[in-house]
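Quick look at input32.cif (mmCIF, C-alpha atoms, pLDDT in the B column; chains and numbers go by the auth columns):
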data_work
#
loop_
_atom_site.group_PDB
_atom_site.id
_atom_site.type_symbol
_atom_site.label_atom_id
_atom_site.label_comp_id
_atom_site.label_asym_id
_atom_site.label_seq_id
_atom_site.Cartn_x
_atom_site.Cartn_y
_atom_site.Cartn_z
_atom_site.B_iso_or_equiv
_atom_site.auth_seq_id
_atom_site.auth_asym_id
ATOM 1 C CA MET A 1 16.874 -25.499 -68.781 48.00 877 M
ATOM 2 C CA THR A 2 16.025 -29.118 -68.100 51.00 878 M
ATOM 3 C CA GLN A 3 12.232 -28.938 -68.320 55.00 879 M
ATOM 4 C CA THR A 4 9.857 -28.522 -71.228 58.00 880 M
ATOM 5 C CA ALA A 5 9.173 -24.829 -71.756 60.00 881 M
ATOM 6 C CA HIS A 6 6.260 -23.368 -73.690 59.00 882 M
ATOM 7 C CA VAL A 7 7.919 -20.486 -75.441 65.00 883 M
ATOM 8 C CA GLY A 8 5.087 -18.809 -77.273 65.00 884 M
ATOM 9 C CA GLY A 9 2.364 -19.718 -79.668 74.00 885 M
ATOM 10 C CA HIS A 10 2.501 -23.412 -80.355 84.00 886 M
ATOM 11 C CA LEU A 11 6.226 -23.898 -79.769 92.00 887 M
ATOM 12 C CA GLU A 12 7.863 -25.878 -76.974 92.00 888 M
ATOM 13 C CA LEU A 13 11.541 -26.266 -76.096 93.00 889 M
ATOM 14 C CA LEU A 14 12.314 -29.836 -75.087 93.00 890 M
ATOM 15 C CA PRO A 15 15.757 -30.316 -73.532 94.00 891 M
ATOM 16 C CA ILE A 16 18.095 -32.945 -74.916 95.00 892 M
ATOM 17 C CA ASP A 17 20.827 -32.053 -72.410 94.00 893 M
ATOM 18 C CA GLU A 18 22.240 -28.922 -70.726 93.00 894 M
ATOM 19 C CA ASP A 19 23.256 -27.292 -74.034 95.00 895 M
ATOM 20 C CA ALA A 20 20.836 -28.773 -76.596 96.00 896 M
ATOM 21 C CA TRP A 21 17.107 -28.612 -77.267 96.00 897 M
ATOM 22 C CA ARG A 22 14.407 -29.643 -79.699 95.00 898 M
ATOM 23 C CA LEU A 23 12.067 -26.860 -80.773 95.00 899 M
ATOM 24 C CA CYS A 24 8.710 -28.575 -81.280 95.00 900 M
ATOM 25 C CA ASP A 25 5.251 -27.755 -82.606 93.00 901 M
ATOM 26 C CA GLY A 26 2.816 -28.552 -79.789 91.00 902 M
ATOM 27 C CA ARG A 27 -0.103 -28.861 -82.233 90.00 903 M
ATOM 28 C CA VAL A 28 1.403 -31.960 -83.819 89.00 904 M
ATOM 29 C CA SER A 29 1.634 -35.445 -82.328 90.00 905 M
ATOM 30 C CA ALA A 30 5.095 -36.335 -81.040 89.00 906 M
ATOM 31 C CA ARG A 31 4.912 -39.380 -83.334 91.00 907 M
ATOM 32 C CA ASP A 32 4.603 -37.180 -86.435 88.00 908 M
ATOM 33 C CA ALA A 33 7.726 -36.075 -88.324 86.00 909 M
ATOM 34 C CA GLU A 34 6.354 -32.501 -88.376 88.00 910 M
ATOM 35 C CA PHE A 35 6.615 -32.353 -84.551 93.00 911 M
ATOM 36 C CA VAL A 36 10.275 -31.263 -84.516 94.00 912 M
ATOM 37 C CA VAL A 37 10.782 -27.796 -85.979 94.00 913 M
ATOM 38 C CA ALA A 38 14.512 -27.533 -85.161 95.00 914 M
ATOM 39 C CA TYR A 39 17.421 -28.914 -83.179 96.00 915 M
ATOM 40 C CA ILE A 40 19.318 -26.232 -81.253 97.00 916 M
ATOM 41 C CA GLU A 41 22.754 -26.499 -79.664 97.00 917 M
ATOM 42 C CA ARG A 42 24.603 -23.864 -77.628 96.00 918 M
ATOM 43 C CA THR A 43 28.111 -23.168 -78.932 96.00 919 M
ATOM 44 C CA ASP A 44 30.869 -20.835 -77.755 94.00 920 M
ATOM 45 C CA ASP A 45 29.616 -18.026 -80.013 93.00 921 M
ATOM 46 C CA GLY A 46 25.851 -18.502 -80.167 95.00 922 M
ATOM 47 C CA PHE A 47 23.341 -21.198 -81.039 97.00 923 M
ATOM 48 C CA GLU A 48 23.756 -23.628 -83.926 97.00 924 M
ATOM 49 C CA THR A 49 20.325 -24.489 -85.303 96.00 925 M
ATOM 50 C CA VAL A 50 19.365 -27.258 -87.706 96.00 926 M
ATOM 51 C CA TRP A 51 15.914 -26.544 -89.147 95.00 927 M
ATOM 52 C CA MET A 52 13.662 -29.461 -89.957 93.00 928 M
ATOM 53 C CA ARG A 53 11.060 -27.119 -91.464 87.00 929 M
ATOM 54 C CA GLY A 54 11.407 -24.083 -93.683 78.00 930 M
ATOM 55 C CA GLY A 55 13.891 -23.359 -96.444 74.00 931 M
ATOM 56 C CA ALA A 56 17.271 -22.911 -94.742 76.00 932 M
ATOM 57 C CA ARG A 57 18.632 -26.025 -93.058 90.00 933 M
ATOM 58 C CA ARG A 58 21.347 -24.522 -90.820 93.00 934 M
ATOM 59 C CA ALA A 59 21.726 -21.218 -89.030 93.00 935 M
ATOM 60 C CA ARG A 60 23.904 -19.746 -86.315 95.00 936 M
ATOM 61 C CA LEU A 61 21.895 -17.370 -84.160 95.00 937 M
ATOM 62 C CA SER A 62 22.943 -15.193 -81.237 95.00 938 M
ATOM 63 C CA SER A 63 20.312 -16.192 -78.679 94.00 939 M
ATOM 64 C CA LEU A 64 17.824 -18.907 -77.819 91.00 940 M
ATOM 65 C CA GLU A 65 15.055 -16.286 -78.096 92.00 941 M
ATOM 66 C CA GLU A 66 16.123 -15.557 -81.680 94.00 942 M
ATOM 67 C CA CYS A 67 15.844 -19.292 -82.468 93.00 943 M
ATOM 68 C CA VAL A 68 12.297 -19.354 -81.091 92.00 944 M
ATOM 69 C CA GLU A 69 11.328 -16.203 -83.025 93.00 945 M
ATOM 70 C CA ARG A 70 12.573 -17.737 -86.256 92.00 946 M
ATOM 71 C CA GLY A 71 10.643 -20.917 -85.482 92.00 947 M
ATOM 72 C CA GLU A 72 7.473 -18.861 -84.994 92.00 948 M
ATOM 73 C CA ARG A 73 8.025 -17.138 -88.363 91.00 949 M
ATOM 74 C CA ILE A 74 8.496 -20.495 -90.078 90.00 950 M
ATOM 75 C CA LEU A 75 5.232 -21.818 -88.622 88.00 951 M
ATOM 76 C CA CYS A 76 3.364 -18.644 -89.646 88.00 952 M
ATOM 77 C CA GLU A 77 4.745 -18.847 -93.189 86.00 953 M
ATOM 78 C CA GLN A 78 3.676 -22.471 -93.478 81.00 954 M
ATOM 79 C CA GLU A 79 0.165 -21.642 -92.249 78.00 955 M
ATOM 80 C CA ARG A 80 -0.171 -18.879 -94.861 78.00 956 M
ATOM 81 C CA SER A 81 1.207 -21.030 -97.660 66.00 957 M
ATOM 82 C CA THR A 82 -1.275 -22.213 -100.270 64.00 958 M
ATOM 83 C CA ALA A 83 0.766 -25.339 -100.842 65.00 959 M
ATOM 84 C CA SER A 84 -0.818 -28.568 -99.682 68.00 960 M
ATOM 85 C CA ARG A 85 -0.067 -32.235 -99.606 69.00 961 M
ATOM 86 C CA PRO A 86 -0.570 -34.048 -102.900 74.00 962 M
ATOM 87 C CA ILE A 87 -4.133 -35.129 -103.540 76.00 963 M
ATOM 88 C CA PRO A 88 -4.311 -38.920 -103.873 78.00 964 M
ATOM 89 C CA ILE A 89 -5.438 -40.152 -107.271 78.00 965 M
ATOM 90 C CA ALA A 90 -7.641 -43.202 -107.313 78.00 966 M
ATOM 91 C CA HIS A 91 -6.040 -46.185 -108.954 80.00 967 M
ATOM 92 C CA PHE A 92 -8.068 -48.074 -111.525 76.00 968 M
ATOM 93 C CA PRO A 93 -6.878 -51.325 -113.092 77.00 969 M
ATOM 94 C CA PRO A 94 -6.181 -51.204 -116.842 77.00 970 M
ATOM 95 C CA ALA A 95 -9.239 -51.648 -119.035 77.00 971 M
ATOM 96 C CA ARG A 96 -9.594 -55.143 -120.409 80.00 972 M
ATOM 97 C CA GLY A 97 -9.774 -55.677 -124.136 71.00 973 M
ATOM 98 C CA PHE A 98 -13.167 -55.308 -125.816 62.00 974 M
#
Write the structure described by the file as structure tokens, please.
Amino acid sequence: MTQTAHVGGHLELLPIDEDAWRLCDGRVSARDAEFVVAYIERTDDGFETVWMRGGARRARLSSLEECVERGERILCEQERSTASRPIPIAHFPPARGF
């Protein structure tokens, strides 16, 4: 696979070379760190995956389809999560003496 492939939902597989891909979230700008969901590399016994999102950082999966399915689950879990980015707190200079 040497072309970008939309693989379901919001995910895209972007080739790095013949045996490596980036699994990306098409809803996010390519300039955003959240764009890359995982790096995937074909090995002799499956696919080595380094996750940029989700809890586990490395996994060895048996097929490229399994990598995409896990990526979809990670995106769904993040969408359902109630966690959010920190809310900025306004900064006020220290009060001056009275």
Quiz item: In Å, how far is it from CA of Thr919 in chain M to CA of Asp901 in chain M?
Solution: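 Between these atoms lies a distance of 23.6 Å.
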Exercise. Using all atoms listed in the file, find all polymer residues with an atom at most 12 Å away from the point (22.3, -25.2, -91.4); report them as number ranges by chain.
Key: M: 914-917, 923-937
Quiz item: Just how far from CA of Gly885 in chain M is CA of Asp921 in chain M, in Å to one decimal?
Solution: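 Distance between the two atoms: 27.3 Å.
Applied to the file shown here, the PyMOL selection byres ((chain M and resi 892-895) around 9) selects M:Met877, M:Thr878, M:Leu890, M:Pro891, M:Ala896, M:Trp897, M:Arg898, M:Ile916, M:Glu917, M:Arg918, M:Thr919.
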Keeping C-alpha atoms, export the residues of the selection given above as a compact mmCIF listing (two decimals), in the frame of the given file.
# COMPACT_ATOMS: atom_id res chain seq x y z
CA MET M 877 16.87 -25.50 -68.78
CA THR M 878 16.02 -29.12 -68.10
CA LEU M 890 12.31 -29.84 -75.09
CA PRO M 891 15.76 -30.32 -73.53
CA ALA M 896 20.84 -28.77 -76.60
CA TRP M 897 17.11 -28.61 -77.27
CA ARG M 898 14.41 -29.64 -79.70
CA ILE M 916 19.32 -26.23 -81.25
CA GLU M 917 22.75 -26.50 -79.66
CA ARG M 918 24.60 -23.86 -77.63
CA THR M 919 28.11 -23.17 -78.93
Exercise. Within 12 Å of Glu941 in chain M, counting all atoms listed in the file, which residues show up once you throw out same-chain ones fewer than 2 positions away? Write them as number ranges by chain, please.
Key: M: 883-884, 887, 889, 899, 916, 922-923, 937-939, 943-948
Exercise. Provide the CA of Arg907 in chain M to CA of Glu942 in chain M distance in Å, to one decimal place.
Key: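 Computing it gives 26.4 Å between the two atoms.
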Exercise. Using only C-alpha atoms, find the one residue out of M:Pro962, M:Phe968, M:Leu940, M:Leu951 that sits nearest to Cys900 in chain M.
Key: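 So, comparing all the options, the nearest one is M:Leu951.
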